[in-house]
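S.K.: Just passing along the structure, written as structure tokens.
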There are 2 protein chains.
Amino acid sequence: MRAYWKDDPADISINAICALAEVSKPALYRAFGGEDGLMRAVLDRYAELVLVDIFEILARGAPLKDTLDALVHFTSEDAKMATGCVFYKMRAGKHRLGPQTRERVEEIDAGAVNAFASYLEARRNAGDWNSELPASKAGRYLVEQIGLAFAQRAAGEDPAQVKDTLEMALLALERK
Amino acid sequence: MRAYWKDDPADISINAICALAEVSKPALYRAFGGEDGLMRAVLDRYAELVLVDIFEILARGAPLKDTLDALVHFTSEDAKMATGCVFYKMRAGKHRLGPQTRERVEEIDAGAVNAFASYLEARRNAGDWNSELPASKAGRYLVEQIGLAFAQRAAGEDPAQVKDTLEMALLALERK
DNA sequence: ATAATAAAATACCAGGCAGTACGTAAATAT
DNA sequence: ATATTTACGTACTGCCTGGTATTTTATTAT
């Protein structure tokens with residue numbers, strides 16, 4: 001997971017992972033079945049270890065501004081996300097994934113859109129979000145913009161600039 | 001160029017290109033020196049064949065709304081961009097590029113930010129763009145958002161959805 | 001027509017990849 | 001204590017990669 005996190009999953013070979021983990025290759029194959037199984041397992045672990053933080057931010061049910069601030073901070077400033085996000089890295093190279101990993105990526109993607117949409121809908125009912133935008137469209141938009149920010153971080157861009165871009169993009173939620 | 005355009009440059013081998021172009025491998029090496037030289041040459045050709053259209057849109061000096069509409073249409077609806085943009089594909093996998101191609105990518109990137117910024121500055125002077133945003137920051141923002149849209153197209157997302165996302169993102173230019 | 005030269009392709013190189021056959025060592029069963 | 005099973009790593013497979021040495025083909029000079 002750490003290797004996939006620091007580098008691009010597409011650039012890390014099974015051989016390299018075995019060396020890093022000090023595990024024999026057959027041991028890895030016995031445990032995970034193959035590269036697809038390993039990546040799927042990594043993604044599952046990453047989801048419950050890291051992505052859960054994002055869902056937790058939404059679950060607080062805080063006012064829109066606070067929530068967006070927290071998301072912006074987590075995405076563009078949190079030190080542990082300095083090399084980007086495993087989920088979004090895999091999503092960016094979706095066509096290279098095996099079937100198991102790909103399916104899991106799509107599940108998480110859909111789940112994230114949904115979680116954002118539900119949160120926004122709740123804020124709309126709370127009178128906190130005044131927009132004619134369908135919540136589902138806004139949820140999709142959030143997922144994409146956060147993905148862009150993580151891609152920028154993974155590319156080594158200045159966190160301040162990543163933050164600028166993301167904050168600008170999120171202005172669209174308050175409009176229309 | 002067509003191969004890099006349809007697929008991800010990182011997924012197209014020199015061997016595959018030689019087969020597609022019906023050219024022997026040494027012939028390709030004589031002409032371009034290597035993979036880096038080939039990609040750089042492709043990028044140059046692509047710039048004068050396709051990217052020029054974007055710069056041409058800006059050069060018209062049309063009102064902001066018209067220009068943004070044209071950019072949105074070109075990015076999210078133009079049929080020839082259905083598989084994304086060679087430049088942005090290379091930029092997305094920058095760490096995998098050779099030195100020549102990488103340098104050219106960075107030049108084009110900087111040039112694009114500049115062209116957008118200059119255009120916006122001109123529209124500000126024309127009283128057409130009322131924003132406190134520094135033009136350079138807005139230029140960077142535009143480059144990133146167009147990149148996101150092309151990445152979505154390359155991933156096969158519904159053009160209508162790509163358009164939605166990009167149009168939402170561009171609202172940020174009118175705000176603040 | 002033949003010899004020298006230039007151009008171009010075949011066939012190869014080392015290295016890395018995902019994945020596995022197989023021999024060996026450890027643990028369990030009798 | 002011995003036989004059987006289970007776990008495990010070495011060493012290998014076939015394949016593909018970017019890049020090139022060598023041979024063959026075409027052209028030019030004599």
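Within each chain, counting starts at residue 1; across the structure tokens, chains are named A, B, ... in the order shown, with ligands numbered 1 upward in that order.
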Fewer than 5 positions away in the same chain doesn't count, so skip those; otherwise give me all residues within 10 Å of Ile54 in chain A, counting only C-alpha atoms (C1' of nucleotides), as a CSV table (one decimal) with C-alpha atoms, in the first residue's frame.
M.R.:
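Output below, filename out_0.csv:
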chain,number,residue,atom,x,y,z
A,47,ALA,CA,-10.4,2.7,2.1
A,59,ALA,CA,-20.9,12.3,8.5
A,67,THR,CA,-17.2,20.8,5.6
A,70,ALA,CA,-12.2,20.4,6.0
A,71,LEU,CA,-12.2,18.7,2.6
A,74,PHE,CA,-7.5,17.2,3.9
A,75,THR,CA,-7.0,17.2,0.2
A,112,ALA,CA,-18.4,8.8,-2.9
A,115,ALA,CA,-22.1,10.4,0.1
A,116,PHE,CA,-21.4,13.9,-1.2
S.K.: Got a sec to pull out which chain C residues are within 12 Å of chain A, counting only C-alpha atoms (C1' of nucleotides), and send them as number ranges by chain?
M.R.: C: 16-21
S.K.: I'd like the interatomic distance between CA of Leu58 in chain A and CA of Ser118 in chain A, to a tenth of an Å.
M.R.: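 Separation of CA of Leu58 in chain A and CA of Ser118 in chain A: 9.0 Å.
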S.K.: Assign secondary structure with DSSP using the backbone only, and return the residues of range 35-166 of chain B in helix (DSSP H, G or I) as an MDAnalysis selection string.
M.R.: chainID B and resid 35:59 64:76 79:81 86:92 94:96 99:125 135:154 159:166
S.K.: Give one line per residue of chain D that approaches chain A to at most 12 Å, naming the two atoms of the closest pair and their distance in Å to one decimal, counting only C-alpha atoms (C1' of nucleotides); sort by chain then ascending residue number and deliver it as a tab-separated table.
M.R.:
residue	atom	partner	partner_atom	distance
D:DA7	C1'	A:Ala27	CA	9.7
D:DC8	C1'	A:Ala27	CA	7.3
D:DG9	C1'	A:Ser24	CA	6.5
D:DT10	C1'	A:Ser24	CA	9.7
D:DA11	C1'	A:Lys25	CA	11.7
S.K.: List every residue of chain A that has an atom at most 10 Å from any atom of chain B, and for each one report the closest atom pair and its distance in Å to one decimal, counting only C-alpha atoms, with rows sorted by chain and then by increasing residue number, as a Markdown table.
M.R.:
| residue | atom | partner | partner_atom | distance |
| --- | --- | --- | --- | --- |
| A:Asp8 | CA | B:Gly93 | CA | 9.5 |
| A:Ala10 | CA | B:Ala10 | CA | 9.8 |
| A:Asp11 | CA | B:Arg96 | CA | 9.0 |
| A:Arg91 | CA | B:Ala155 | CA | 9.6 |
| A:Ala92 | CA | B:Ala155 | CA | 8.2 |
| A:Gly93 | CA | B:Ala155 | CA | 8.9 |
| A:Lys94 | CA | B:Ala155 | CA | 8.1 |
| A:His95 | CA | B:Ala155 | CA | 8.0 |
| A:Arg96 | CA | B:Asp11 | CA | 9.0 |
| A:Leu133 | CA | B:Met168 | CA | 10.0 |
| A:Lys137 | CA | B:Asp164 | CA | 8.3 |
| A:Ala138 | CA | B:Thr165 | CA | 8.9 |
| A:Arg140 | CA | B:Thr165 | CA | 8.2 |
| A:Tyr141 | CA | B:Thr165 | CA | 5.9 |
| A:Leu142 | CA | B:Thr165 | CA | 9.4 |
| A:Glu144 | CA | B:Leu148 | CA | 8.0 |
| A:Gln145 | CA | B:Leu148 | CA | 8.4 |
| A:Gly147 | CA | B:Leu148 | CA | 9.0 |
| A:Leu148 | CA | B:Leu148 | CA | 6.7 |
| A:Ala149 | CA | B:Glu144 | CA | 9.6 |
| A:Ala151 | CA | B:Ala92 | CA | 8.4 |
| A:Gln152 | CA | B:Glu144 | CA | 9.1 |
| A:Ala155 | CA | B:Lys94 | CA | 8.1 |
| A:Gln161 | CA | B:Lys137 | CA | 8.7 |
| A:Val162 | CA | B:Tyr141 | CA | 9.8 |
| A:Asp164 | CA | B:Lys137 | CA | 8.3 |
| A:Thr165 | CA | B:Tyr141 | CA | 5.9 |
| A:Leu166 | CA | B:Tyr141 | CA | 9.1 |
| A:Glu167 | CA | B:Ala172 | CA | 9.2 |
| A:Met168 | CA | B:Ala172 | CA | 5.7 |
| A:Ala169 | CA | B:Ala169 | CA | 5.3 |
| A:Leu170 | CA | B:Ala169 | CA | 7.9 |
| A:Leu171 | CA | B:Ala172 | CA | 5.8 |
| A:Ala172 | CA | B:Met168 | CA | 5.7 |
| A:Leu173 | CA | B:Met168 | CA | 8.1 |
| A:Glu174 | CA | B:Ala172 | CA | 9.8 |
| A:Arg175 | CA | B:Leu171 | CA | 7.6 |
| A:Lys176 | CA | B:Leu171 | CA | 8.7 |
S.K.: Using C-alpha atoms, can you write the selected residues to a file as a compact mmCIF listing (two decimals), in the first residue's frame?
M.R.:
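Result file selection.txt:
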# COMPACT_ATOMS: atom_id res chain seq x y z
CA ASP A 8 1.98 5.40 -9.43
CA ALA A 10 1.15 1.37 -12.76
CA ASP A 11 4.87 1.90 -12.16
CA ARG A 91 -9.00 5.51 -10.89
CA ALA A 92 -6.78 7.60 -13.17
CA GLY A 93 -5.30 4.43 -14.65
CA LYS A 94 -8.57 2.51 -14.60
CA HIS A 95 -8.00 0.91 -18.01
CA ARG A 96 -4.89 -0.78 -16.63
CA LEU A 133 -28.12 22.28 -8.70
CA LYS A 137 -24.51 16.53 -10.12
CA ALA A 138 -22.84 18.49 -7.35
CA ARG A 140 -20.08 14.11 -9.06
CA TYR A 141 -18.48 17.54 -9.39
CA LEU A 142 -16.95 17.32 -5.93
CA GLU A 144 -13.91 15.11 -9.83
CA GLN A 145 -12.46 18.27 -8.31
CA GLY A 147 -9.50 13.98 -7.87
CA LEU A 148 -7.91 16.85 -9.74
CA ALA A 149 -6.43 18.19 -6.52
CA ALA A 151 -3.54 14.44 -9.08
CA GLN A 152 -1.83 17.80 -8.68
CA ALA A 155 2.53 15.49 -9.51
CA GLN A 161 -1.55 26.28 -5.59
CA VAL A 162 -3.51 23.07 -5.26
CA ASP A 164 -6.17 27.79 -4.70
CA THR A 165 -7.44 25.69 -7.58
CA LEU A 166 -9.67 23.56 -5.40
CA GLU A 167 -11.12 26.54 -3.54
CA MET A 168 -11.88 28.26 -6.82
CA ALA A 169 -13.57 25.17 -8.14
CA LEU A 170 -15.72 24.81 -5.04
CA LEU A 171 -17.11 28.30 -5.54
CA ALA A 172 -19.29 26.72 -8.22
CA LEU A 173 -21.31 25.00 -5.51
CA GLU A 174 -22.48 28.26 -4.04
CA ARG A 175 -23.50 29.65 -7.42
CA LYS A 176 -26.42 28.94 -9.74
S.K.: Can you list, as a VMD selection string, every protein, DNA or RNA residue that comes within 10 Å of Val105 in chain B when you count only C-alpha atoms (C1' of nucleotides), leaving out same-chain residues fewer than 5 positions away?
M.R.: chain B and resid 40 43 to 44 87 to 88 90 to 91 94 97 99 to 100 110 to 111
S.K.: Write the residues you've just listed into a file as an mmCIF file, in the first residue's frame, and include N, CA and C atoms for each of them.
M.R.:
data_model
loop_
_atom_site.group_PDB
_atom_site.id
_atom_site.type_symbol
_atom_site.label_atom_id
_atom_site.label_comp_id
_atom_site.auth_asym_id
_atom_site.auth_seq_id
_atom_site.Cartn_x
_atom_site.Cartn_y
_atom_site.Cartn_z
ATOM 1 N N ARG B 40 8.541 13.722 -28.585
ATOM 2 C CA ARG B 40 8.708 15.153 -28.722
ATOM 3 C C ARG B 40 8.237 15.619 -30.088
ATOM 4 N N LEU B 43 4.526 15.527 -30.246
ATOM 5 C CA LEU B 43 3.944 16.646 -29.502
ATOM 6 C C LEU B 43 4.044 17.938 -30.305
ATOM 7 N N ASP B 44 5.176 18.156 -30.961
ATOM 8 C CA ASP B 44 5.339 19.350 -31.797
ATOM 9 C C ASP B 44 4.290 19.378 -32.901
ATOM 10 N N PHE B 87 -1.451 16.210 -25.609
ATOM 11 C CA PHE B 87 -0.664 17.024 -24.680
ATOM 12 C C PHE B 87 -1.007 16.705 -23.222
ATOM 13 N N TYR B 88 -2.276 16.701 -22.918
ATOM 14 C CA TYR B 88 -2.664 16.449 -21.535
ATOM 15 C C TYR B 88 -2.384 15.004 -21.118
ATOM 16 N N MET B 90 0.184 13.280 -22.102
ATOM 17 C CA MET B 90 1.617 13.280 -21.779
ATOM 18 C C MET B 90 1.859 13.987 -20.447
ATOM 19 N N ARG B 91 1.170 15.095 -20.256
ATOM 20 C CA ARG B 91 1.325 15.856 -19.021
ATOM 21 C C ARG B 91 0.911 15.013 -17.814
ATOM 22 N N LYS B 94 3.723 12.728 -16.798
ATOM 23 C CA LYS B 94 4.966 13.496 -16.943
ATOM 24 C C LYS B 94 6.201 12.765 -16.429
ATOM 25 N N LEU B 97 8.030 10.564 -18.895
ATOM 26 C CA LEU B 97 8.542 11.124 -20.155
ATOM 27 C C LEU B 97 10.058 11.245 -20.161
ATOM 28 N N PRO B 99 13.521 13.429 -21.274
ATOM 29 C CA PRO B 99 13.829 14.841 -21.007
ATOM 30 C C PRO B 99 13.325 15.805 -22.085
ATOM 31 N N GLN B 100 13.480 15.438 -23.353
ATOM 32 C CA GLN B 100 13.034 16.339 -24.428
ATOM 33 C C GLN B 100 11.531 16.565 -24.373
ATOM 34 N N ALA B 110 3.268 26.127 -19.757
ATOM 35 C CA ALA B 110 3.500 27.525 -19.361
ATOM 36 C C ALA B 110 2.928 28.475 -20.409
ATOM 37 N N GLY B 111 3.098 28.140 -21.678
ATOM 38 C CA GLY B 111 2.574 28.974 -22.749
ATOM 39 C C GLY B 111 1.060 29.086 -22.693
#
S.K.: What separation in Å, quoted to one decimal, exists between C1' of DT24 in chain C and CA of Phe32 in chain A?
M.R.: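 Going from C1' of DT24 in chain C over to CA of Phe32 in chain A covers 23.3 Å.
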S.K.: Excluding same-chain residues fewer than 2 positions from DT28 in chain D, what lies within 12 Å of it counting only C-alpha atoms (C1' of nucleotides), as a ChimeraX atom specification?
M.R.: /C:3-7 /D:26,30
S.K.: Taking N, CA and C atoms (P, O5', C5', C4', C3', O3' and C1' of nucleotides) for each residue, export the selection above as a PDB file, in the first residue's frame.
M.R.:
ATOM      1  P    DA C   3      34.595  -6.502 -59.450  1.00  0.00           P
ATOM      2  O5'  DA C   3      34.938  -5.254 -58.525  1.00  0.00           O
ATOM      3  C5'  DA C   3      35.763  -4.214 -59.048  1.00  0.00           C
ATOM      4  C4'  DA C   3      35.493  -2.917 -58.293  1.00  0.00           C
ATOM      5  C3'  DA C   3      35.518  -3.052 -56.764  1.00  0.00           C
ATOM      6  O3'  DA C   3      36.254  -1.970 -56.211  1.00  0.00           O
ATOM      7  C1'  DA C   3      33.443  -2.117 -57.438  1.00  0.00           C
ATOM      8  P    DA C   4      36.629  -1.899 -54.683  1.00  0.00           P
ATOM      9  O5'  DA C   4      35.691  -0.711 -54.174  1.00  0.00           O
ATOM     10  C5'  DA C   4      35.854   0.577 -54.771  1.00  0.00           C
ATOM     11  C4'  DA C   4      34.769   1.507 -54.271  1.00  0.00           C
ATOM     12  C3'  DA C   4      34.661   1.640 -52.749  1.00  0.00           C
ATOM     13  O3'  DA C   4      34.557   3.017 -52.417  1.00  0.00           O
ATOM     14  C1'  DA C   4      32.551   1.049 -53.644  1.00  0.00           C
ATOM     15  P    DT C   5      34.564   3.523 -50.909  1.00  0.00           P
ATOM     16  O5'  DT C   5      33.046   3.952 -50.699  1.00  0.00           O
ATOM     17  C5'  DT C   5      32.414   4.770 -51.700  1.00  0.00           C
ATOM     18  C4'  DT C   5      30.922   4.778 -51.478  1.00  0.00           C
ATOM     19  C3'  DT C   5      30.474   5.059 -50.039  1.00  0.00           C
ATOM     20  O3'  DT C   5      29.584   6.146 -50.058  1.00  0.00           O
ATOM     21  C1'  DT C   5      29.275   3.252 -50.954  1.00  0.00           C
ATOM     22  P    DA C   6      29.362   7.044 -48.737  1.00  0.00           P
ATOM     23  O5'  DA C   6      27.776   6.930 -48.589  1.00  0.00           O
ATOM     24  C5'  DA C   6      26.935   7.238 -49.703  1.00  0.00           C
ATOM     25  C4'  DA C   6      25.626   6.504 -49.569  1.00  0.00           C
ATOM     26  C3'  DA C   6      24.895   6.723 -48.237  1.00  0.00           C
ATOM     27  O3'  DA C   6      23.569   7.141 -48.538  1.00  0.00           O
ATOM     28  C1'  DA C   6      25.003   4.416 -48.730  1.00  0.00           C
ATOM     29  P    DA C   7      22.640   7.697 -47.407  1.00  0.00           P
ATOM     30  O5'  DA C   7      21.549   6.539 -47.308  1.00  0.00           O
ATOM     31  C5'  DA C   7      20.895   6.084 -48.498  1.00  0.00           C
ATOM     32  C4'  DA C   7      20.125   4.807 -48.201  1.00  0.00           C
ATOM     33  C3'  DA C   7      19.239   4.876 -46.954  1.00  0.00           C
ATOM     34  O3'  DA C   7      17.952   4.402 -47.305  1.00  0.00           O
ATOM     35  C1'  DA C   7      20.583   2.944 -46.897  1.00  0.00           C
TER      36       DA C   7
ATOM     37  P    DA D  26      16.289  -4.428 -53.390  1.00  0.00           P
ATOM     38  O5'  DA D  26      16.886  -2.967 -53.644  1.00  0.00           O
ATOM     39  C5'  DA D  26      16.461  -1.889 -52.804  1.00  0.00           C
ATOM     40  C4'  DA D  26      17.439  -0.750 -52.908  1.00  0.00           C
ATOM     41  C3'  DA D  26      17.617  -0.159 -54.311  1.00  0.00           C
ATOM     42  O3'  DA D  26      17.346   1.227 -54.251  1.00  0.00           O
ATOM     43  C1'  DA D  26      19.710  -0.517 -53.299  1.00  0.00           C
ATOM     44  P    DT D  30      34.185   8.376 -59.146  1.00  0.00           P
ATOM     45  O5'  DT D  30      34.589   7.120 -60.022  1.00  0.00           O
ATOM     46  C5'  DT D  30      35.171   5.956 -59.378  1.00  0.00           C
ATOM     47  C4'  DT D  30      35.304   4.825 -60.390  1.00  0.00           C
ATOM     48  C3'  DT D  30      36.109   5.181 -61.650  1.00  0.00           C
ATOM     49  O3'  DT D  30      37.243   4.342 -61.750  1.00  0.00           O
ATOM     50  C1'  DT D  30      34.163   3.934 -62.168  1.00  0.00           C
TER      51       DT D  30
END
S.K.: How many Å lie between CA of Glu56 in chain A and CA of Lys163 in chain A, rounded to one decimal?
M.R.: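 Between CA of Glu56 in chain A and CA of Lys163 in chain A the gap works out to 20.6 Å.
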S.K.: Which residues are near DA21 in chain D? Cut-off 10 Å, only C-alpha atoms (C1' of nucleotides), ignore same chain within fewer than 5 positions. Put them as a PyMOL selection string.
M.R.: chain C and resi 11-13
S.K.: How would the residues just chosen look if you wrote them out with N, CA and C atoms (P, O5', C5', C4', C3', O3' and C1' of nucleotides) as an mmCIF file, in the first residue's frame?
M.R.:
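Wrote it out as again.cif, contents follow:
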data_model
loop_
_atom_site.group_PDB
_atom_site.id
_atom_site.type_symbol
_atom_site.label_atom_id
_atom_site.label_comp_id
_atom_site.auth_asym_id
_atom_site.auth_seq_id
_atom_site.Cartn_x
_atom_site.Cartn_y
_atom_site.Cartn_z
ATOM 1 P P DA C 11 15.173 -12.818 -40.129
ATOM 2 O "O5'" DA C 11 16.261 -12.805 -38.958
ATOM 3 C "C5'" DA C 11 17.615 -12.443 -39.246
ATOM 4 C "C4'" DA C 11 18.313 -12.076 -37.947
ATOM 5 C "C3'" DA C 11 17.838 -12.915 -36.751
ATOM 6 O "O3'" DA C 11 18.962 -13.373 -36.024
ATOM 7 C "C1'" DA C 11 17.702 -10.636 -36.226
ATOM 8 P P DC C 12 18.782 -14.498 -34.897
ATOM 9 O "O5'" DC C 12 19.318 -13.750 -33.588
ATOM 10 C "C5'" DC C 12 20.597 -13.134 -33.652
ATOM 11 C "C4'" DC C 12 20.611 -11.864 -32.827
ATOM 12 C "C3'" DC C 12 20.447 -12.055 -31.313
ATOM 13 O "O3'" DC C 12 21.725 -12.261 -30.723
ATOM 14 C "C1'" DC C 12 19.438 -10.030 -32.142
ATOM 15 P P DC C 13 21.859 -12.829 -29.252
ATOM 16 O "O5'" DC C 13 21.893 -11.524 -28.338
ATOM 17 C "C5'" DC C 13 22.856 -10.488 -28.591
ATOM 18 C "C4'" DC C 13 22.568 -9.305 -27.679
ATOM 19 C "C3'" DC C 13 22.206 -9.755 -26.260
ATOM 20 O "O3'" DC C 13 23.338 -9.570 -25.414
ATOM 21 C "C1'" DC C 13 20.701 -8.047 -27.081
#
S.K.: Mind checking which residues fall within 10 Å of Arg123 in chain A, counting only C-alpha atoms (C1' of nucleotides), ignoring those fewer than 6 positions away in the same chain, and posting them as a list of chain:residue names?
M.R.: A:Gly61, A:Ala62, A:Pro63, A:Leu64, A:Ala117, A:Trp129, A:Asn130
S.K.: Next, write the just-selected residues to a file, as a PDB file, in the first residue's frame, keeping N, CA and C atoms as the atom set.
M.R.:
ATOM      1  N   GLY A  61     -22.004  16.161   9.587  1.00  0.00           N
ATOM      2  CA  GLY A  61     -23.176  16.991   9.329  1.00  0.00           C
ATOM      3  C   GLY A  61     -22.956  18.453   9.663  1.00  0.00           C
ATOM      4  N   ALA A  62     -21.713  18.888   9.547  1.00  0.00           N
ATOM      5  CA  ALA A  62     -21.373  20.282   9.836  1.00  0.00           C
ATOM      6  C   ALA A  62     -21.903  21.188   8.724  1.00  0.00           C
ATOM      7  N   PRO A  63     -21.971  22.505   9.003  1.00  0.00           N
ATOM      8  CA  PRO A  63     -22.392  23.456   7.967  1.00  0.00           C
ATOM      9  C   PRO A  63     -21.522  23.336   6.716  1.00  0.00           C
ATOM     10  N   LEU A  64     -22.080  23.714   5.575  1.00  0.00           N
ATOM     11  CA  LEU A  64     -21.397  23.522   4.294  1.00  0.00           C
ATOM     12  C   LEU A  64     -19.988  24.098   4.284  1.00  0.00           C
ATOM     13  N   ALA A 117     -23.515  13.710  -2.353  1.00  0.00           N
ATOM     14  CA  ALA A 117     -24.863  14.144  -2.724  1.00  0.00           C
ATOM     15  C   ALA A 117     -25.794  14.125  -1.514  1.00  0.00           C
ATOM     16  N   TRP A 129     -27.612  25.261   2.097  1.00  0.00           N
ATOM     17  CA  TRP A 129     -27.100  25.206   0.721  1.00  0.00           C
ATOM     18  C   TRP A 129     -28.194  25.699  -0.219  1.00  0.00           C
ATOM     19  N   ASN A 130     -27.996  26.888  -0.760  1.00  0.00           N
ATOM     20  CA  ASN A 130     -29.007  27.474  -1.638  1.00  0.00           C
ATOM     21  C   ASN A 130     -28.530  27.395  -3.074  1.00  0.00           C
TER      22      ASN A 130
END
S.K.: Show which residues sit within 9 Å of Pro9 in chain B, as a list in words. Count only C-alpha atoms (C1' of nucleotides), and ignore same-chain residues fewer than 5 positions away.
M.R.: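 Close residues of Pro9 in chain B: Ala3, Tyr4, Met39, Val86, Lys89, Met90 and Gly93 of chain B.
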